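Below is one structure, written out as structure tokens; the observations come after it.
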Amino acid sequence: MIWQPLQPSLKSRGASAAIEGLLYLLVTVLVAIVEYYVAGPMTDFGPSNWWIAFVIMAAWTGWQWAGAQTPVGSYVDHYIADRNGLPACFSCIAVRQLTRFGVLYGIPFLLLDRNVTVMVLLFVLSGVAIHFTPNGRAPWDLVAGTVMTESLAGETAPVLPLLTAASDLRVSPQRVSENRRARRMMQLAGMSSVLVSALIVWSIFSEAWQFVAASEFHWGLLRDIGWFPRRNKFDLSTLIVGTLWITGIAILVAGPVGIGVAIYLSEYAKPKIRNIVKPGIETLASIPSVVLGFFAIAFISPSILEPGGSLIGVEFGIFSLVSAGIAVGILTVPIVASIAEDAMRAVPNELREASYGLGSRKVSTAMRVVFPAALSGISAAFIVGISRAIGETMVVFIAAGGSGGAIFEANPTEPGQTITAAMASLGAGTDSVAGSGIAFQSLYFLGALLFVITLLLNVFSDVIVRRFRQVY
Amino acid sequence: MAVTNMGSTPRAETESATQPTLDQLRKKPTADLGGQIFLGLLLIAVGTAFAMVGTVLVSVVSDGFEVLSTQFWDFLSNPSSSDPAKAGVAQGIRGSLLIALVVVLVAFPLGIGAAIYLEEYAEQSKLTRLLEITVRNLAGVPSIVYGLLGLAVFVQALRGITGGSTVISAGLTLSALVLPIVIITASEALRAVPSSLRDAAYGLGATQWETIRTQVLPAALPGILTGAVLSIARALGEAAPLLVIGAAAFYSTGFQGFLDQMQGAFTALPMNVANFAKLPADKWAGHAAAASVVVMAVVFAINLAAIIARARISKRLSR
């Protein structure tokens, strides 16, 4: 296929260059204004603003570069061509824009005492200069010897000769390479999740190994009177008992409520009511966990547990595993409810209709037909709920007490410590812990433990869903 | 007519003696007591869930009302302080803003790109399976584990680039945290785009990338945006990873330049809540509640914005 050479005879070229310069200046000033409000009175209106403006413009207009265009260019249908008259490649244009606005405009900007008026004048002048420079180049293009030119987008159209062979139907090489480039970039982005996983596994397990391999370490260290990492007391059972209590109480709260909500939403609620109830439950999911932690010590402990406990003769303090467990349960309700509801709604209507056709009541249909059919999904909901409850940190860190360490305590009405809360209290003093031997590595040891537990639970729930899913 | 009627009446009578009529088959409303009790239990469950939402909101707002009503602007514009009368959440707001900026710049392009790769390009291969499995499992990793990742990789190994415990490290850590969420929601949005759209574009001779850029992405945009915005809300509510990578409880600096801001000590809104909640309750409970109200207001506002934006964009696209 023949590609017509470009006609670099554009009259508005200079104007577009000037406008582009002004656009950058505008963004620079906007950045400075935002900076004023974010960071206070500025000490320096200068290079950092310029570079940030460039990054913002690049993020904003970078996708146009792939189409060989610049922001203003796209507006007036210009595009940038390379020495063969083909649309220039992404990186060519990135470099062109960078030199233009980072160096050619940025350096004068700094030299001219950051004077906005002078800069405006400069842009207008450069626009005029470009206007009178032949062959679609800018004056500095002549100096630097660059050959990229600017032209009307319409002129990129290929001149179609008579088709003589099947190969003439092929897509232009530029489009093919753009396609390949896009695919490669998306693949790289896709690899980011693998990279994150690999980094998690590597960082956690290498440091955890340091803990196990440390000279002070022996397995007997993991059985002691309590968890006081800075005093070399690493009693795992303290943390595991605390975690079990929190998880158990959370599931006791979230299980019935979550499943009840799920059955109601999928089997009973009319669409109108569903549209009210569902967002209400989802509101619960968007409450940050720190807020629930504060709620536990500000409301659950003093207003529910203390009066309730005194009725049955149990004394609760402000900090207790029960209080934290209830708050974690509240957080877990929407997770259990939404997964279980999805599972029940996935049961095909034919089953319900068959059940009604045999004369069964609504409750029998819900409990004897839909519930068993959705059982795999519902158990997955429980397992995911358990995994969330085990991994929940801030609620326990704030409301279960025992920050810094805890004596072994099997009674849930007392303060206690979980795996996550122990990690948080170790992490809260990160600076003092870092490098102070085995206590720091114990943070990673706990992290590895937590990672393995939740990973197993998630894999387990996946297996349940796959193996026991009824195929309709 | 009259004849057939007369003829059919005795037959109907004899049939009703052996087979129950429809009326007899129908249960009386009161008969289904078990069903009523069951529905009652379900309603109690729904009511409990709503009571939870209501109690959390009402108790937190009423606890924070005093601080918010007496020193609203001071609370929003003052830095943290050891004096309850002066302490505020300005540093937290600033930190959260900057963290959100980093998450937008890092997690959105990566997450959406990964979703495009998974849904549009990837063929069935071991690599694709690996990608899908890692994304699913990453979504289930507890947030504090991401804190360990941030501490080991961004704070310690990449100290030269991020500057240690800074907003950049925090933003990168939270980007890793929300990455699977962005990927999963964007994938769902892309999957919902009808394949006829793609076929039409291919039929006109578009390359795969042109098809994605001009047809698939615009059609999936509402879903992608909603997921992305919700992930920002999630990132703004997270405190556990920040705690581990060393967000400061207190730091005292006056106003800083933008670059200093990116490279200095930082805190975030949920960290403010946690710090206030950890202080003695008699003086600080009001502050913790007020900070909670601010966090929830931000998160709810973002969620609301996502819902509105979604409605608007899908309306514009359907026109």
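Going by the structure tokens order, chains are called A, B, ..., each with residues numbered from 1, while ligands are numbered from 1 in the order shown.
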
Problem - Nearby residues (only C-alpha atoms) at most 10 Å from B:Asp74, same-chain spacing under 2 positions excluded, as a PyMOL selection string - result: chain B and resi 67-68+70-72+76-79+85-90

Practice task
Do a neighbour search on stretch 277-293 of chain B at 8 Å with only C-alpha atoms, toss out local chain neighbours closer than 5 positions, and write the hits as a count of residues only.
Solution key: 18

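Of the listed residues A:Glu392, A:Glu315, A:Glu409, A:Asp235, the one whose atoms come nearest to chain B is A:Glu392, with distances taken using only C-alpha atoms.
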
Problem - Atom pair atom CA of B:Asn303 / atom CA of A:Ala380: separation (Å) - result: 26.9 Å

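Here atom CA of A:Gly325 is placed at a distance of 10.4 Å from atom CA of A:Ile300.
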
Exercise for the section: Go through stretch 191-288 of chain B and collect every residue that DSSP, computed from the backbone, puts in alpha helix (DSSP H); the answer should be as a count of residues only. Expected result: 65

Practice task
Work out how far apart atom CA of B:Ala115 and atom CA of B:Ala240 are and give it in Å to one decimal.
Solution key: 26.8 Å

Practice task
Tell me which protein, DNA and RNA residues are within 9 Å of A:Ile326, counting only C-alpha atoms, leaving out same-chain ones fewer than 5 positions away, and put them as number ranges by chain.
Solution key: A: 246, 249-254, 296, 300, 321, 331

Exercise for the section: Compare A:Val194, A:Ala381, A:Ala53, A:Ala88 by their minimum atom-to-atom distance to chain B, counting only C-alpha atoms, and give me the closest one. Expected result: A:Val194

Exercise for the section: Would you kindly return, as number ranges by chain, each protein, DNA or RNA residue with an atom no farther than 10 Å from any atom of stretch 303-313 of chain A, considering only C-alpha atoms and excluding same-chain residues fewer than 6 positions away? Expected result: A: 296-297, 320, 322-323, 413

Exercise for the section: Extract, using only C-alpha atoms, all DNA, RNA and protein residues at most 8 Å from A:Gln441, discarding same-chain residues fewer than 3 positions from it, and format them as number ranges by chain. Expected result: A: 207-208, 210-211, 437-438, 444-445

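Here the question is which of A:Gly357, A:Gly329, A:Pro288, A:Pro412 gets nearest to chain B using only C-alpha atoms, and that residue is A:Pro288.
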
Fill in the blank from the handout: chain B proximity check over A:Leu284, A:Ala213, A:Val34, A:Ala17, using only C-alpha atoms: winner is A:Leu284

Problem - Within 9 Å of A:Thr332 using only C-alpha atoms, minus same-chain residues under 3 positions, as a list in words - result: Ala250, Ile251, Val253, Ala254, Gly255, Gly258, Ala285, Ala327, Val328, Gly329, Ile335, Val336, Ala337, Gly385, Ile386, Arg388 and Ala389 of chain A

Completion exercise
Using only C-alpha atoms, the shortest atom-to-atom distance to B:Ala152 among B:Ile224, B:Val299, B:Ser169, B:Met271 belongs to B:Ser169
